[in-house]
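**Student:** I'm passing along input_1.pdb; it holds PDB, C-alpha atoms.
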```pdb
MODEL        1
ATOM      1  CA  MET N   1     -39.506 112.297 130.871  1.00  0.00           C
ATOM      2  CA  GLY N   2     -42.740 113.864 129.648  1.00  0.00           C
ATOM      3  CA  ASP N   3     -43.709 114.669 126.089  1.00  0.00           C
ATOM      4  CA  VAL N   4     -42.516 118.275 126.313  1.00  0.00           C
ATOM      5  CA  GLY N   5     -39.130 117.131 127.593  1.00  0.00           C
ATOM      6  CA  LYS N   6     -38.868 114.699 124.683  1.00  0.00           C
ATOM      7  CA  MET N   7     -39.835 117.464 122.236  1.00  0.00           C
ATOM      8  CA  ILE N   8     -37.122 119.712 123.621  1.00  0.00           C
ATOM      9  CA  LEU N   9     -34.594 116.881 123.551  1.00  0.00           C
ATOM     10  CA  VAL N  10     -35.452 116.138 119.908  1.00  0.00           C
ATOM     11  CA  GLY N  11     -34.974 119.819 119.074  1.00  0.00           C
ATOM     12  CA  LEU N  12     -31.612 119.890 120.841  1.00  0.00           C
ATOM     13  CA  VAL N  13     -30.423 116.776 118.995  1.00  0.00           C
ATOM     14  CA  TRP N  14     -31.645 118.105 115.642  1.00  0.00           C
ATOM     15  CA  GLY N  15     -29.956 121.452 116.219  1.00  0.00           C
ATOM     16  CA  ALA N  16     -26.622 120.003 117.293  1.00  0.00           C
ATOM     17  CA  THR N  17     -26.538 117.475 114.477  1.00  0.00           C
ATOM     18  CA  ASN N  18     -27.496 120.124 111.891  1.00  0.00           C
ATOM     19  CA  SER N  19     -24.332 122.058 112.699  1.00  0.00           C
ATOM     20  CA  LEU N  20     -22.200 118.919 112.770  1.00  0.00           C
ATOM     21  CA  MET N  21     -23.606 117.695 109.442  1.00  0.00           C
ATOM     22  CA  ARG N  22     -22.811 121.080 107.929  1.00  0.00           C
ATOM     23  CA  ARG N  23     -19.196 120.618 108.978  1.00  0.00           C
ATOM     24  CA  GLY N  24     -19.116 117.171 107.379  1.00  0.00           C
ATOM     25  CA  ALA N  25     -20.696 118.534 104.197  1.00  0.00           C
ATOM     26  CA  ILE N  26     -17.983 121.203 104.004  1.00  0.00           C
ATOM     27  CA  LEU N  27     -15.335 118.459 104.200  1.00  0.00           C
ATOM     28  CA  TRP N  28     -17.165 116.564 101.445  1.00  0.00           C
ATOM     29  CA  ASP N  29     -17.327 119.686  99.300  1.00  0.00           C
ATOM     30  CA  GLU N  30     -13.583 120.233  99.717  1.00  0.00           C
ATOM     31  CA  ARG N  31     -12.965 116.614  98.723  1.00  0.00           C
ATOM     32  CA  LEU N  32     -15.156 117.017  95.616  1.00  0.00           C
ATOM     33  CA  ARG N  33     -13.190 120.065  94.516  1.00  0.00           C
ATOM     34  CA  SER N  34      -9.983 118.041  94.532  1.00  0.00           C
ATOM     35  CA  PHE N  35     -11.341 115.665  91.843  1.00  0.00           C
ATOM     36  CA  PRO N  36     -11.378 116.697  88.194  1.00  0.00           C
ATOM     37  CA  SER N  37     -14.867 117.386  86.898  1.00  0.00           C
ATOM     38  CA  THR N  38     -16.330 116.021  83.690  1.00  0.00           C
ATOM     39  CA  PRO N  39     -18.645 118.125  81.556  1.00  0.00           C
ATOM     40  CA  SER N  40     -22.140 116.780  82.243  1.00  0.00           C
ATOM     41  CA  GLY N  41     -23.352 117.445  78.702  1.00  0.00           C
ATOM     42  CA  SER N  42     -21.076 114.750  77.301  1.00  0.00           C
ATOM     43  CA  LEU N  43     -22.304 112.035  79.688  1.00  0.00           C
ATOM     44  CA  LEU N  44     -25.223 109.708  79.108  1.00  0.00           C
ATOM     45  CA  ILE N  45     -28.095 109.736  81.607  1.00  0.00           C
ATOM     46  CA  HIS N  46     -27.026 106.508  83.326  1.00  0.00           C
ATOM     47  CA  GLN N  47     -23.469 107.854  83.681  1.00  0.00           C
ATOM     48  CA  ARG N  48     -24.827 111.021  85.294  1.00  0.00           C
ATOM     49  CA  LEU N  49     -26.996 108.975  87.672  1.00  0.00           C
ATOM     50  CA  LEU N  50     -24.022 106.810  88.625  1.00  0.00           C
ATOM     51  CA  GLY N  51     -21.995 109.975  89.205  1.00  0.00           C
ATOM     52  CA  TYR N  52     -24.659 111.384  91.545  1.00  0.00           C
ATOM     53  CA  PHE N  53     -24.882 108.059  93.375  1.00  0.00           C
ATOM     54  CA  HIS N  54     -21.078 107.986  93.727  1.00  0.00           C
ATOM     55  CA  LYS N  55     -21.068 111.529  95.171  1.00  0.00           C
ATOM     56  CA  TRP N  56     -23.804 110.582  97.639  1.00  0.00           C
ATOM     57  CA  LEU N  57     -21.874 107.497  98.761  1.00  0.00           C
ATOM     58  CA  ASN N  58     -18.748 109.611  99.221  1.00  0.00           C
ATOM     59  CA  LEU N  59     -20.749 111.921 101.470  1.00  0.00           C
ATOM     60  CA  LEU N  60     -21.937 108.999 103.609  1.00  0.00           C
ATOM     61  CA  ILE N  61     -18.379 107.670 103.905  1.00  0.00           C
ATOM     62  CA  ILE N  62     -17.320 110.852 105.696  1.00  0.00           C
ATOM     63  CA  TRP N  63     -17.909 109.976 109.349  1.00  0.00           C
ATOM     64  CA  GLN N  64     -18.142 113.653 110.334  1.00  0.00           C
ATOM     65  CA  TYR N  65     -21.346 113.700 108.287  1.00  0.00           C
ATOM     66  CA  SER N  66     -22.728 110.163 108.551  1.00  0.00           C
ATOM     67  CA  ILE N  67     -22.655 109.784 112.349  1.00  0.00           C
ATOM     68  CA  PRO N  68     -24.563 113.045 113.014  1.00  0.00           C
ATOM     69  CA  PHE N  69     -26.911 112.086 110.145  1.00  0.00           C
ATOM     70  CA  VAL N  70     -27.816 108.763 111.790  1.00  0.00           C
ATOM     71  CA  ILE N  71     -28.322 110.487 115.158  1.00  0.00           C
ATOM     72  CA  ASN N  72     -30.498 113.111 113.437  1.00  0.00           C
ATOM     73  CA  LEU N  73     -32.612 110.374 111.835  1.00  0.00           C
ATOM     74  CA  SER N  74     -33.021 108.716 115.238  1.00  0.00           C
ATOM     75  CA  ALA N  75     -34.340 111.989 116.623  1.00  0.00           C
ATOM     76  CA  SER N  76     -36.763 112.156 113.686  1.00  0.00           C
ATOM     77  CA  ALA N  77     -38.084 108.702 114.543  1.00  0.00           C
ATOM     78  CA  THR N  78     -38.535 109.816 118.152  1.00  0.00           C
ATOM     79  CA  PHE N  79     -40.386 112.920 116.952  1.00  0.00           C
ATOM     80  CA  PHE N  80     -42.844 110.814 114.943  1.00  0.00           C
ATOM     81  CA  SER N  81     -43.351 108.634 117.991  1.00  0.00           C
ATOM     82  CA  ILE N  82     -44.137 111.736 120.050  1.00  0.00           C
ATOM     83  CA  LEU N  83     -46.650 112.878 117.423  1.00  0.00           C
ATOM     84  CA  SER N  84     -48.656 109.693 117.951  1.00  0.00           C
ATOM     85  CA  HIS N  85     -49.857 110.943 121.344  1.00  0.00           C
ATOM     86  CA  ALA N  86     -49.043 114.657 121.593  1.00  0.00           C
ATOM     87  CA  PRO N  87     -50.856 117.553 119.931  1.00  0.00           C
ATOM     88  CA  ILE N  88     -49.137 118.634 116.728  1.00  0.00           C
ATOM     89  CA  SER N  89     -49.925 122.272 117.586  1.00  0.00           C
ATOM     90  CA  VAL N  90     -47.469 121.987 120.490  1.00  0.00           C
ATOM     91  CA  ALA N  91     -44.978 119.407 119.226  1.00  0.00           C
ATOM     92  CA  VAL N  92     -44.016 121.198 116.023  1.00  0.00           C
ATOM     93  CA  PRO N  93     -43.439 124.703 117.447  1.00  0.00           C
ATOM     94  CA  VAL N  94     -41.565 123.409 120.500  1.00  0.00           C
ATOM     95  CA  SER N  95     -39.308 121.068 118.516  1.00  0.00           C
ATOM     96  CA  ASN N  96     -38.650 123.519 115.676  1.00  0.00           C
ATOM     97  CA  ALA N  97     -37.961 126.462 117.953  1.00  0.00           C
ATOM     98  CA  THR N  98     -35.606 124.396 120.058  1.00  0.00           C
ATOM     99  CA  THR N  99     -33.898 123.157 116.888  1.00  0.00           C
ATOM    100  CA  PHE N 100     -33.334 126.709 115.712  1.00  0.00           C
ATOM    101  CA  ALA N 101     -31.833 127.773 119.033  1.00  0.00           C
ATOM    102  CA  ALA N 102     -29.676 124.648 119.333  1.00  0.00           C
ATOM    103  CA  THR N 103     -28.383 125.083 115.774  1.00  0.00           C
ATOM    104  CA  ALA N 104     -27.402 128.683 116.468  1.00  0.00           C
ATOM    105  CA  VAL N 105     -25.668 127.885 119.761  1.00  0.00           C
ATOM    106  CA  THR N 106     -23.894 124.781 118.408  1.00  0.00           C
ATOM    107  CA  ALA N 107     -22.676 126.665 115.339  1.00  0.00           C
ATOM    108  CA  MET N 108     -21.366 129.382 117.634  1.00  0.00           C
ATOM    109  CA  LEU N 109     -19.592 126.793 119.811  1.00  0.00           C
ATOM    110  CA  LEU N 110     -18.044 125.223 116.702  1.00  0.00           C
ATOM    111  CA  GLY N 111     -16.536 128.580 115.814  1.00  0.00           C
ATOM    112  CA  GLU N 112     -18.794 129.676 112.985  1.00  0.00           C
ATOM    113  CA  GLU N 113     -19.014 133.380 112.303  1.00  0.00           C
ATOM    114  CA  THR N 114     -22.077 134.683 114.157  1.00  0.00           C
ATOM    115  CA  HIS N 115     -23.333 137.891 115.660  1.00  0.00           C
ATOM    116  CA  LEU N 116     -23.055 136.873 119.297  1.00  0.00           C
ATOM    117  CA  GLY N 117     -25.505 139.419 120.685  1.00  0.00           C
ATOM    118  CA  PHE N 118     -28.219 138.694 118.120  1.00  0.00           C
ATOM    119  CA  THR N 119     -27.725 134.937 118.479  1.00  0.00           C
ATOM    120  CA  LEU N 120     -28.061 135.007 122.243  1.00  0.00           C
ATOM    121  CA  PHE N 121     -30.991 137.446 122.141  1.00  0.00           C
ATOM    122  CA  GLY N 122     -32.805 135.281 119.598  1.00  0.00           C
ATOM    123  CA  THR N 123     -32.122 132.167 121.662  1.00  0.00           C
ATOM    124  CA  VAL N 124     -33.566 133.827 124.777  1.00  0.00           C
ATOM    125  CA  LEU N 125     -36.686 134.796 122.807  1.00  0.00           C
ATOM    126  CA  ILE N 126     -37.035 131.210 121.558  1.00  0.00           C
ATOM    127  CA  VAL N 127     -36.736 129.802 125.070  1.00  0.00           C
ATOM    128  CA  LEU N 128     -39.342 132.301 126.254  1.00  0.00           C
ATOM    129  CA  GLY N 129     -41.663 131.354 123.374  1.00  0.00           C
ATOM    130  CA  VAL N 130     -41.298 127.653 124.096  1.00  0.00           C
ATOM    131  CA  TRP N 131     -42.001 128.279 127.771  1.00  0.00           C
ATOM    132  CA  ILE N 132     -45.152 130.230 126.882  1.00  0.00           C
ATOM    133  CA  CYS N 133     -46.228 127.511 124.447  1.00  0.00           C
ATOM    134  CA  VAL N 134     -45.982 124.689 126.957  1.00  0.00           C
ATOM    135  CA  SER N 135     -47.305 126.451 130.040  1.00  0.00           C
TER     136      SER N 135
ENDMDL
END
```
Write the structure described by the file as structure tokens, please.

**Tutor:**
Amino acid sequence: MGDVGKMILVGLVWGATNSLMRRGAILWDERLRSFPSTPSGSLLIHQRLLGYFHKWLNLLIIWQYSIPFVINLSASATFFSILSHAPISVAVPVSNATTFAATAVTAMLLGEETHLGFTLFGTVLIVLGVWICVS
């Protein structure tokens, strides 16, 4: 697989995992709402920091978030590897455009509220732009 194929694959992975991580974050947010909250003004700084750390750990415990997060980080490592031998002027637009399109399509497939026509039209324009960029 050439560099452009890897760039597109990274964008697809980023886009899909963005939508999946959003779903996991919504589950985390619902879980947080079920716990009673403490007024932050009455807590000492170290208690607030421990509270933030505890919330972050609770987010990572949710597998619907943590598994896509690890996959997303793996794609980021691949992207930096690609940047070592591909021009940044091509790698960044191709990967980011593909990410945007993949996020929109994945969110639509997961049942998020979208404007189908605009989403598909935008995705077609992105694919056309990527094609122009790499040819």

**Student:** Give the answer as one residue: which of N:Ala107, N:Ala16, N:Val127, N:Ile132 has the shortest atom-to-atom distance to Val90 in chain N, using all atoms listed in the file?

**Tutor:**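 The answer is N:Ile132, which sits nearest to Val90 in chain N.
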
**Student:** Spell out the residues picked by the PyMOL selection byres ((chain N and resi 7) around 8) here, as JSON, numbers by chain.

**Tutor:** {"N": [3, 4, 5, 6, 8, 9, 10, 11, 79, 82, 91, 94, 95]}

**Student:** Tell me, in Å to one decimal, how far CA of Val124 in chain N is from CA of Thr99 in chain N.

**Tutor:** 13.3 Å

**Student:** Between CA of Pro68 in chain N and CA of Met21 in chain N, what is the distance in Å, rounded to a tenth?

**Tutor:**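 These atoms are spaced 5.9 Å apart.
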
**Student:** Separation of CA of Leu12 in chain N and CA of Met108 in chain N, in Å?

**Tutor:** 14.3 Å

**Student:** I need the output of the PyMOL selection byres ((chain N and resi 28) around 10) for this file as a CSV table (one decimal) with C-alpha atoms, keeping the file's coordinate frame; which residues are they?

**Tutor:**
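File written: result.csv
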```
chain,number,residue,atom,x,y,z
N,22,ARG,CA,-22.8,121.1,107.9
N,23,ARG,CA,-19.2,120.6,109.0
N,24,GLY,CA,-19.1,117.2,107.4
N,25,ALA,CA,-20.7,118.5,104.2
N,26,ILE,CA,-18.0,121.2,104.0
N,27,LEU,CA,-15.3,118.5,104.2
N,29,ASP,CA,-17.3,119.7,99.3
N,30,GLU,CA,-13.6,120.2,99.7
N,31,ARG,CA,-13.0,116.6,98.7
N,32,LEU,CA,-15.2,117.0,95.6
N,33,ARG,CA,-13.2,120.1,94.5
N,55,LYS,CA,-21.1,111.5,95.2
N,56,TRP,CA,-23.8,110.6,97.6
N,58,ASN,CA,-18.7,109.6,99.2
N,59,LEU,CA,-20.7,111.9,101.5
N,60,LEU,CA,-21.9,109.0,103.6
N,61,ILE,CA,-18.4,107.7,103.9
N,62,ILE,CA,-17.3,110.9,105.7
N,64,GLN,CA,-18.1,113.7,110.3
N,65,TYR,CA,-21.3,113.7,108.3
```

**Student:** Name the residues that the PyMOL selection byres ((chain N and resi 75) around 9) pulls out of this structure, and write them as a list in words.

**Tutor:** Leu9, Val10, Gly11, Val13, Trp14, Val70, Ile71, Asn72, Leu73, Ser74, Ser76, Ala77, Thr78, Phe79 and Phe80 of chain N

**Student:** Could you tell me which of N:Phe53, N:Asn18, N:Gly129, N:Gly2 comes closest to Ile67 in chain N if we count all atoms listed in the file?

**Tutor:**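 Closest candidate: N:Asn18.
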